[in-house]
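Heads up, the thing below is written out as structure tokens.
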Amino acid sequence: MSPLVWVLFFATVALDVWGQTAFKLGLERVPEGASGLAFWKGVVLNSWILGGFFGYCFEACFWLYVVGHAPLSVVGPMAALAYVGAVVSGRLFLGEHAGKRRWLGAGLITLGAACLAASLG
């Protein structure tokens with residue numbers, strides 16, 4: 001894979017994590033107990049959630065280039081690195097506790113992604 005494909009691949013992972021984190025931060029700001037129209041108004045007008053959507057839009061554009069220039073059987077599973085990013089982001093930005101099993105799972109995903117990358121030669 002070319003350097004550009006690698007850069008765009010890692011950008012898609014980062015943007016995926018950004019989107020998930022922004023959605024969570026935004027939803028935490030929707031009033032507690034809001035339902036129906038009030039909930040959706042809180043979602044639509046929330047800058048964190050809008051930022052998450054914009055991140056996903058850029059991610060989709062970058063992903064199209066990556067999939068067009070790399071084996072899907074490699075980059076598709078490697079996109080699971082976003083799960084690792086979500087654990088890290090949850091810990092750093094949301095104060096979530098990640099126990100040993102969660103970190104072990106993140107490590108195994110990273111190891112699997114490394115094996116896939118190494119298969120490219």
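Letters A, B, ... go to the chains of the structure tokens in the order shown; residues in each chain start at 1; ligands are counted from 1 in the same order.
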Checklist entry - Neighbours of Pro31 of chain A within 9 Å (only C-alpha atoms; same-chain residues fewer than 5 positions away dropped), as a ChimeraX atom specification? => result /A:38-39,42
Write the selection just made, keeping N, CA and C atoms, as a PDB file, in the first residue's frame?
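Contents of the output file part.pdb:
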```
ATOM      1  N   ALA A  38     -38.338  16.455  21.937  1.00  0.00           N
ATOM      2  CA  ALA A  38     -37.343  17.160  22.761  1.00  0.00           C
ATOM      3  C   ALA A  38     -35.973  16.495  22.651  1.00  0.00           C
ATOM      4  N   PHE A  39     -35.966  15.157  22.646  1.00  0.00           N
ATOM      5  CA  PHE A  39     -34.696  14.430  22.496  1.00  0.00           C
ATOM      6  C   PHE A  39     -34.059  14.749  21.156  1.00  0.00           C
ATOM      7  N   GLY A  42     -32.658  18.183  20.856  1.00  0.00           N
ATOM      8  CA  GLY A  42     -31.377  18.236  21.562  1.00  0.00           C
ATOM      9  C   GLY A  42     -30.248  17.605  20.774  1.00  0.00           C
TER      10      GLY A  42
END
```
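With only C-alpha atoms taken into account, the protein and nucleic acid residues at most 12 Å from Ala118 of chain A (excluding it and anything under 4 positions from it in its own chain) are Met1, Val74, Val75, Met78, Leu111, Gly112, Ala113 and Ala114 of chain A.
All residues of protein, DNA or RNA that reach within 8 Å of segment 16-23 of chain A, judged by only C-alpha atoms and not counting those fewer than 3 positions away in the chain, are A:Thr12, A:Val13, A:Gly26, A:Leu27, A:Trp48, A:Ile49, A:Gly51, A:Gly52, A:Phe53, A:Gly55, A:Tyr56, A:Glu59, A:Ala82, A:Tyr83, A:Gly85, A:Ala86, A:Ser89, A:Gly90.
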Give me the residues near Ala106 of chain A as a PDB file with N, CA and C atoms, in the first residue's frame, where near means some atom within 9 Å (using only C-alpha atoms) and where sequence neighbours in that chain fewer than 3 positions away do not count.
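Output saved as around_17.pdb:
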```pdb
ATOM      1  N   LEU A  81      -9.191  -1.379  14.493  1.00  0.00           N
ATOM      2  CA  LEU A  81      -8.370  -0.541  15.363  1.00  0.00           C
ATOM      3  C   LEU A  81      -9.186   0.598  15.969  1.00  0.00           C
ATOM      4  N   TYR A  83     -11.898   0.182  17.446  1.00  0.00           N
ATOM      5  CA  TYR A  83     -12.355  -0.323  18.739  1.00  0.00           C
ATOM      6  C   TYR A  83     -11.316  -0.004  19.819  1.00  0.00           C
ATOM      7  N   VAL A  84     -10.057  -0.160  19.455  1.00  0.00           N
ATOM      8  CA  VAL A  84      -8.972   0.162  20.394  1.00  0.00           C
ATOM      9  C   VAL A  84      -9.010   1.658  20.704  1.00  0.00           C
ATOM     10  N   GLY A  85      -9.177   2.456  19.653  1.00  0.00           N
ATOM     11  CA  GLY A  85      -9.259   3.901  19.853  1.00  0.00           C
ATOM     12  C   GLY A  85     -10.422   4.298  20.744  1.00  0.00           C
ATOM     13  N   VAL A  87     -11.648   2.537  23.235  1.00  0.00           N
ATOM     14  CA  VAL A  87     -11.270   2.240  24.620  1.00  0.00           C
ATOM     15  C   VAL A  87     -10.373   3.353  25.156  1.00  0.00           C
ATOM     16  N   ARG A 101      -9.465  -6.986  31.197  1.00  0.00           N
ATOM     17  CA  ARG A 101     -10.005  -7.727  30.041  1.00  0.00           C
ATOM     18  C   ARG A 101     -10.214  -6.816  28.845  1.00  0.00           C
ATOM     19  N   ARG A 102     -10.662  -5.596  29.098  1.00  0.00           N
ATOM     20  CA  ARG A 102     -10.874  -4.658  27.991  1.00  0.00           C
ATOM     21  C   ARG A 102      -9.531  -4.306  27.337  1.00  0.00           C
ATOM     22  N   TRP A 103      -8.504  -4.057  28.167  1.00  0.00           N
ATOM     23  CA  TRP A 103      -7.182  -3.755  27.615  1.00  0.00           C
ATOM     24  C   TRP A 103      -6.590  -4.975  26.901  1.00  0.00           C
ATOM     25  N   ILE A 109      -6.682  -7.068  19.440  1.00  0.00           N
ATOM     26  CA  ILE A 109      -7.092  -6.427  18.182  1.00  0.00           C
ATOM     27  C   ILE A 109      -5.887  -5.788  17.511  1.00  0.00           C
ATOM     28  N   THR A 110      -5.069  -5.101  18.300  1.00  0.00           N
ATOM     29  CA  THR A 110      -3.878  -4.465  17.742  1.00  0.00           C
ATOM     30  C   THR A 110      -2.925  -5.503  17.167  1.00  0.00           C
ATOM     31  N   LEU A 111      -2.741  -6.601  17.869  1.00  0.00           N
ATOM     32  CA  LEU A 111      -1.893  -7.680  17.366  1.00  0.00           C
ATOM     33  C   LEU A 111      -2.443  -8.247  16.060  1.00  0.00           C
TER      34      LEU A 111
END
```
Checklist entry - Which neighbours of Gly76 of chain A fall inside 10 Å, counting only C-alpha atoms, when residues of the same chain fewer than 5 positions from it are skipped, and could you give them as an MDAnalysis selection string? => result chainID A and resid 63 66:67 70:71 113 116
Could you write out the selected residues, including N, CA and C atoms, as a PDB file, in the first residue's frame?
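The result, written out as selection03.pdb:
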```pdb
ATOM      1  N   TRP A  63     -12.316   6.587   3.232  1.00  0.00           N
ATOM      2  CA  TRP A  63     -12.454   5.140   3.160  1.00  0.00           C
ATOM      3  C   TRP A  63     -12.659   4.679   1.720  1.00  0.00           C
ATOM      4  N   VAL A  66      -9.270   4.459   0.249  1.00  0.00           N
ATOM      5  CA  VAL A  66      -8.517   3.342   0.816  1.00  0.00           C
ATOM      6  C   VAL A  66      -8.989   2.021   0.215  1.00  0.00           C
ATOM      7  N   VAL A  67     -10.298   1.791   0.208  1.00  0.00           N
ATOM      8  CA  VAL A  67     -10.830   0.527  -0.315  1.00  0.00           C
ATOM      9  C   VAL A  67     -10.555   0.398  -1.811  1.00  0.00           C
ATOM     10  N   ALA A  70      -6.511  -0.629  -1.845  1.00  0.00           N
ATOM     11  CA  ALA A  70      -5.925  -1.614  -0.934  1.00  0.00           C
ATOM     12  C   ALA A  70      -6.840  -2.833  -0.871  1.00  0.00           C
ATOM     13  N   PRO A  71      -6.282  -3.982  -0.509  1.00  0.00           N
ATOM     14  CA  PRO A  71      -7.114  -5.183  -0.385  1.00  0.00           C
ATOM     15  C   PRO A  71      -8.130  -5.041   0.755  1.00  0.00           C
ATOM     16  N   ALA A 113      -4.323  -6.672  13.879  1.00  0.00           N
ATOM     17  CA  ALA A 113      -4.123  -5.666  12.826  1.00  0.00           C
ATOM     18  C   ALA A 113      -2.670  -5.684  12.357  1.00  0.00           C
ATOM     19  N   LEU A 116      -2.198  -8.564  10.001  1.00  0.00           N
ATOM     20  CA  LEU A 116      -2.771  -8.263   8.684  1.00  0.00           C
ATOM     21  C   LEU A 116      -1.855  -7.336   7.892  1.00  0.00           C
TER      22      LEU A 116
END
```
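Take atom CA of Val5 of chain A and atom CA of Phe54 of chain A: the distance between them is 20.7 Å.
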Item to check | DSSP helix (DSSP H, G or I) selection over segment 5-53 of chain A, as a PyMOL selection string | outcome: chain A and resi 5-27+36-44+47-53
Go ahead and dump the residues you just picked, N, CA and C atoms, as a CSV table (one decimal), in the first residue's frame.
```csv
chain,number,residue,atom,x,y,z
A,5,VAL,N,-2.2,5.9,1.0
A,5,VAL,CA,-3.3,4.9,1.5
A,5,VAL,C,-3.2,4.7,3.0
A,6,TRP,N,-1.9,4.5,3.5
A,6,TRP,CA,-1.7,4.3,4.9
A,6,TRP,C,-2.2,5.6,5.7
A,7,VAL,N,-1.8,6.7,5.2
A,7,VAL,CA,-2.2,8.0,5.9
A,7,VAL,C,-3.8,8.1,6.0
A,8,LEU,N,-4.4,7.8,4.8
A,8,LEU,CA,-5.9,7.9,4.8
A,8,LEU,C,-6.5,6.8,5.6
A,9,PHE,N,-5.9,5.6,5.6
A,9,PHE,CA,-6.4,4.6,6.5
A,9,PHE,C,-6.4,5.0,7.9
A,10,PHE,N,-5.3,5.4,8.4
A,10,PHE,CA,-5.2,5.8,9.8
A,10,PHE,C,-6.1,7.0,10.1
A,11,ALA,N,-6.3,7.9,9.1
A,11,ALA,CA,-7.2,9.0,9.3
A,11,ALA,C,-8.7,8.5,9.5
A,12,THR,N,-9.0,7.4,8.7
A,12,THR,CA,-10.4,6.9,8.9
A,12,THR,C,-10.6,6.3,10.3
A,13,VAL,N,-9.5,5.7,10.8
A,13,VAL,CA,-9.6,5.1,12.2
A,13,VAL,C,-9.8,6.3,13.2
A,14,ALA,N,-9.0,7.3,13.0
A,14,ALA,CA,-9.1,8.4,13.9
A,14,ALA,C,-10.4,9.2,13.8
A,15,LEU,N,-10.9,9.3,12.6
A,15,LEU,CA,-12.2,10.0,12.4
A,15,LEU,C,-13.4,9.1,13.0
A,16,ASP,N,-13.2,7.8,12.9
A,16,ASP,CA,-14.2,6.9,13.5
A,16,ASP,C,-14.3,7.1,15.0
A,17,VAL,N,-13.1,7.1,15.6
A,17,VAL,CA,-13.0,7.3,17.0
A,17,VAL,C,-13.6,8.7,17.4
A,18,TRP,N,-13.2,9.7,16.6
A,18,TRP,CA,-13.7,11.1,16.9
A,18,TRP,C,-15.2,11.1,16.8
A,19,GLY,N,-15.8,10.5,15.8
A,19,GLY,CA,-17.2,10.5,15.7
A,19,GLY,C,-17.9,9.8,16.9
A,20,GLN,N,-17.4,8.7,17.3
A,20,GLN,CA,-18.0,8.0,18.4
A,20,GLN,C,-17.9,8.8,19.7
A,21,THR,N,-16.7,9.4,19.9
A,21,THR,CA,-16.5,10.2,21.1
A,21,THR,C,-17.4,11.5,21.1
A,22,ALA,N,-17.4,12.1,19.9
A,22,ALA,CA,-18.3,13.3,19.8
A,22,ALA,C,-19.7,13.0,20.0
A,23,PHE,N,-20.2,11.9,19.5
A,23,PHE,CA,-21.6,11.5,19.7
A,23,PHE,C,-21.9,11.3,21.2
A,24,LYS,N,-21.0,10.6,21.9
A,24,LYS,CA,-21.1,10.3,23.3
A,24,LYS,C,-21.1,11.7,24.1
A,25,LEU,N,-20.2,12.5,23.8
A,25,LEU,CA,-20.1,13.8,24.5
A,25,LEU,C,-21.4,14.6,24.2
A,26,GLY,N,-21.9,14.6,23.0
A,26,GLY,CA,-23.1,15.3,22.7
A,26,GLY,C,-24.3,14.8,23.4
A,27,LEU,N,-24.4,13.5,23.4
A,27,LEU,CA,-25.6,12.8,24.0
A,27,LEU,C,-25.6,13.0,25.5
A,36,GLY,N,-38.9,11.8,22.7
A,36,GLY,CA,-39.7,12.3,21.6
A,36,GLY,C,-39.0,13.4,20.9
A,37,LEU,N,-39.8,14.5,20.6
A,37,LEU,CA,-39.3,15.6,19.9
A,37,LEU,C,-38.2,16.4,20.6
A,38,ALA,N,-38.3,16.5,21.9
A,38,ALA,CA,-37.3,17.2,22.8
A,38,ALA,C,-36.0,16.5,22.7
A,39,PHE,N,-36.0,15.2,22.6
A,39,PHE,CA,-34.7,14.4,22.5
A,39,PHE,C,-34.1,14.7,21.2
A,40,TRP,N,-34.8,14.6,20.1
A,40,TRP,CA,-34.3,14.8,18.7
A,40,TRP,C,-33.9,16.3,18.5
A,41,LYS,N,-34.6,17.2,19.1
A,41,LYS,CA,-34.2,18.6,19.0
A,41,LYS,C,-32.8,18.8,19.7
A,42,GLY,N,-32.7,18.2,20.9
A,42,GLY,CA,-31.4,18.2,21.6
A,42,GLY,C,-30.2,17.6,20.8
A,43,VAL,N,-30.5,16.6,20.0
A,43,VAL,CA,-29.5,15.9,19.2
A,43,VAL,C,-29.2,16.8,18.0
A,44,VAL,N,-30.2,17.3,17.3
A,44,VAL,CA,-29.9,18.0,16.0
A,44,VAL,C,-29.2,19.3,16.3
A,47,SER,N,-23.7,20.7,19.0
A,47,SER,CA,-22.5,20.9,18.2
A,47,SER,C,-21.6,19.7,18.2
A,48,TRP,N,-21.5,19.0,19.3
A,48,TRP,CA,-20.7,17.8,19.4
A,48,TRP,C,-21.2,16.7,18.4
A,49,ILE,N,-22.5,16.5,18.4
A,49,ILE,CA,-23.1,15.5,17.5
A,49,ILE,C,-22.9,15.9,16.0
A,50,LEU,N,-23.1,17.2,15.7
A,50,LEU,CA,-22.8,17.7,14.3
A,50,LEU,C,-21.4,17.5,14.0
A,51,GLY,N,-20.5,17.7,14.9
A,51,GLY,CA,-19.0,17.5,14.6
A,51,GLY,C,-18.8,16.0,14.4
A,52,GLY,N,-19.4,15.2,15.1
A,52,GLY,CA,-19.3,13.7,14.9
A,52,GLY,C,-19.8,13.3,13.5
A,53,PHE,N,-20.9,13.9,13.0
A,53,PHE,CA,-21.4,13.6,11.7
A,53,PHE,C,-20.4,14.1,10.6
```
Item to check | Atomic separation - atom CA of Val30 of chain A relative to atom CA of Leu45 of chain A, Å | outcome: 9.6 Å
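You will find atom CA of Phe93 of chain A at 23.5 Å from atom CA of Gly33 of chain A.
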